[in-house]
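The structure under discussion appears below in the form of structure tokens.
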Amino acid sequence: MTDLVERARSWIDADPDPHTRAELEEVIASGDRDELESRMDTVLKFGTAGIRGVVGAGPGRMNRAVVIRTTHGLAQYLGDTDRPVVVGFDARPTSRQFAEDTCGVLVAKGIEVLYFPDVIPTPLVAFTAKHLGAAAAVVVTASHNPPADNGYKVYGRDASQIASPVDVDIQRNIEKAPAADEISRVEGVFDGASPLAKQIPDNIVDRYWEGISASRSRQSGSRLRIVYTPIHGVGRATLFDVMSRAGHHGIVAVSEQAEPDGTFPTVTFPNPEEYGALDLALDLADRENADLVIANDPDADRLAAVVPRGEGWRRLSGNEVGALLGEYLLSHDRDPSTAIVASSIVSSPMLSRIASDFGARHEATLTGFKWIVKAGLALESAGGGRFIFGYEEALGYTVGSTVRDKDGISAALLFTDLVADLADNGDTVIDQLHRLWRRYGLWVSVQTSIARPDAVEELTMAVEQLAEDPPDSIEGHRVMGVTDYRHGAESRPPWLGEQDLVELDLGELGRVLVRPSGTEPKLKVYVDLTDDPGDDPDSRYREMMEGATSIGEGLADSLAL
């Protein structure tokens, strides 16, 4: 305990924040060894999404000292760059201070910084980095994580999320960083303390609009009644600006959730995938007799959509929105035979069938949106076509080449265009979904998760066991083959490399994939099934969803976790 306390006091001595210094002193005084170990012996590691964790004192939490040391590592990696670094932040209580500390370390290293002076959507930061040719970009955000968290996300020279070996190199430099109080930092950067720190040009939203509007085939607005919620996030101002320019003027925000508030007072989990997060939006949609409900997560890089169905509402899955958007973009493309679309390996295979029908190229990638973008960029660079769309089942979409990451704002605009086009012809989203099912097969997708917070190593072992001893059948359905993505990476493209992932082939019925989560202590089981929709597509859909759920739960039970 003595060594642990000494290390904690050394951390306190170097911490620039009086609040986290006092917090760690209280932990020491409490004598709670487990709590002190969790803060001092668990260090936030820099990965392909930067760092993310609970805000608090110590190297195992998100705080100013950690941000300062992380930025020092980033600056060391960048070296004597003549390009600026773009910095933005979300509405969480600590985000502005973390962003200012980031800018302060960078300018002290002689690196020019272009910063957003107020909260901003993550996709707009990524766009700005590309538009201005930045050396890197940093967004202080924890996206849709719980209110207690914050994070530090980094984009590289190509304005996409960093990938290995860049993340490894930055982590090595962080590990070599001195204590926070020994790192040079200019204070008061947002108040003009350094000529190297400048605000982002006022016209950046104009440039963003020019980019995303070029992806539109619809050149008019609509009379759609649209309900929108940013779930207390930062998306409303930019999204309303974009919708107004596009002519979709019938949009109204959920007043209780319209303003940025990183404490998220109306929800326990600010994720549009979570049931309950959209309750206020659906209540307003009922009152407004809305044609469409759309939602962004708090940093506006994801999109959720809900459409009328009879007397109620139908939530569209990420896979359904992905298929609808993919087909919409390909059907309006000037030359779909040269188009490239991509989706993560755990997303529905339906997009691949759609692409094949249009003569377009489809690529499957590892999970993580950076791989979708890097596949598109690499294929474009090699002359393989034009990357026009990518998506992952967790509500992430990129449209065109404006943003090299998922973008919930441009996706919302294009999806609204899609709904408006259908409405002009007297059709609905459900009508269109049924048409796609009849043409490409009815696809359903179900995800089952097994949580093991105290035995994370069991999750990887379960994947290994499944690969070595796969079942002959699952819930009466024969397993036709097994693909172990832990091996054979040399025969696959770099965006589909080695991963703890096993795929069980169910033949014409579909497939099952199993992998540990990259962000949570969970094992995830994905089931994708397909069949003819028949005369009653909705009834067949419900039957297949039940079947997919049964398969997922059956396999989960057989893993004996």
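Naming works like this for the structure tokens: A, B, ... for the chains as they're shown, residue 1 at the start of each chain, ligands 1 onward in shown order.
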For this session: Show which residues sit within 12 Å of Val525 (chain A), as a ChimeraX atom specification. Count only C-alpha atoms, and ignore same-chain residues fewer than 2 positions away.
Result: /A:346-347,445-451,459,462-463,466,501-504,511-517,522-523,527-528,548-559
For this session: Would you kindly return, as JSON, numbers by chain, each protein, DNA or RNA residue with an atom no farther than 12 Å from any atom of Pro117 (chain A), considering only C-alpha atoms and excluding same-chain residues fewer than 2 positions away?
Result: {"A": [86, 87, 88, 89, 90, 91, 95, 96, 97, 99, 100, 103, 113, 114, 115, 119, 120, 125, 189, 190, 191, 192, 197, 198, 199, 200, 201, 202]}
Could you please take those selected residues and save C-alpha atoms as a short mmCIF file (atom, residue, chain, number, x, y, z; two decimals), in the first residue's frame?
data_model
loop_
_atom_site.label_atom_id
_atom_site.label_comp_id
_atom_site.auth_asym_id
_atom_site.auth_seq_id
_atom_site.Cartn_x
_atom_site.Cartn_y
_atom_site.Cartn_z
CA VAL A 86 -7.69 20.94 -35.83
CA VAL A 87 -9.30 20.72 -32.36
CA GLY A 88 -12.99 20.47 -31.44
CA PHE A 89 -15.04 19.37 -28.45
CA ASP A 90 -18.52 18.24 -27.41
CA ALA A 91 -20.81 19.42 -24.61
CA SER A 95 -14.66 18.84 -22.74
CA ARG A 96 -13.87 22.53 -23.19
CA GLN A 97 -11.07 22.45 -20.62
CA ALA A 99 -9.69 20.88 -25.56
CA GLU A 100 -7.97 24.03 -24.32
CA CYS A 103 -4.33 23.35 -27.78
CA VAL A 113 -3.75 24.93 -33.95
CA LEU A 114 -7.10 25.72 -35.56
CA TYR A 115 -9.83 25.30 -32.98
CA VAL A 119 -19.21 22.76 -29.16
CA ILE A 120 -19.23 21.14 -32.59
CA VAL A 125 -14.15 18.43 -37.19
CA VAL A 189 -5.20 29.72 -25.50
CA PHE A 190 -8.93 30.27 -26.07
CA ASP A 191 -8.47 33.84 -24.81
CA GLY A 192 -5.79 34.66 -27.36
CA ALA A 197 -3.87 29.20 -32.03
CA LYS A 198 -6.57 30.51 -34.37
CA GLN A 199 -10.29 29.96 -34.58
CA ILE A 200 -11.71 27.89 -37.43
CA PRO A 201 -12.83 30.09 -40.37
CA ASP A 202 -16.47 31.18 -40.17
#
Problem set entry | Close residues, Gly133 (chain A) itself excluded, 12 Å, only C-alpha atoms, min 5 positions apart in chain, as number ranges by chain | A: 81-86, 114, 126-128, 155-160
Just-selected residues, C-alpha atoms written as a short mmCIF file (atom, residue, chain, number, x, y, z; two decimals), in the first residue's frame:
data_model
loop_
_atom_site.label_atom_id
_atom_site.label_comp_id
_atom_site.auth_asym_id
_atom_site.auth_seq_id
_atom_site.Cartn_x
_atom_site.Cartn_y
_atom_site.Cartn_z
CA THR A 81 5.03 19.48 -38.93
CA ASP A 82 4.19 22.54 -41.01
CA ARG A 83 0.52 21.59 -41.07
CA PRO A 84 -2.00 22.66 -38.40
CA VAL A 85 -3.91 20.45 -35.98
CA VAL A 86 -7.69 20.94 -35.83
CA LEU A 114 -7.10 25.72 -35.56
CA ALA A 126 -13.22 15.52 -39.46
CA PHE A 127 -14.38 17.47 -42.51
CA THR A 128 -12.41 20.53 -41.47
CA TYR A 155 -7.73 11.73 -36.96
CA GLY A 156 -4.56 11.34 -39.01
CA ARG A 157 -3.05 13.13 -42.01
CA ASP A 158 -5.65 11.60 -44.34
CA ALA A 159 -8.48 12.98 -42.11
CA SER A 160 -9.68 9.47 -41.23
#
For this session: Quick one: everything within 12 Å of Thr71 (chain A), counting only C-alpha atoms, minus sequence neighbours fewer than 6 positions away in the same chain. Send it as a ChimeraX atom specification.
Result: /A:46,50-51,64-65,77-78,85,87,98-109,111,136-140,152-154,170-171,173-175,177-178,180,183-185
Problem set entry | Pairwise distance for CA of Asp80 (chain A) and CA of Asp169 (chain A), rounded to one decimal in Å | 15.9 Å
For this session: Could you check how far CA of Leu436 (chain A) sits from CA of Gly322 (chain A), in Å to one decimal?
Result: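 If I compute the distance from CA of Leu436 (chain A) to CA of Gly322 (chain A), I get 12.0 Å.
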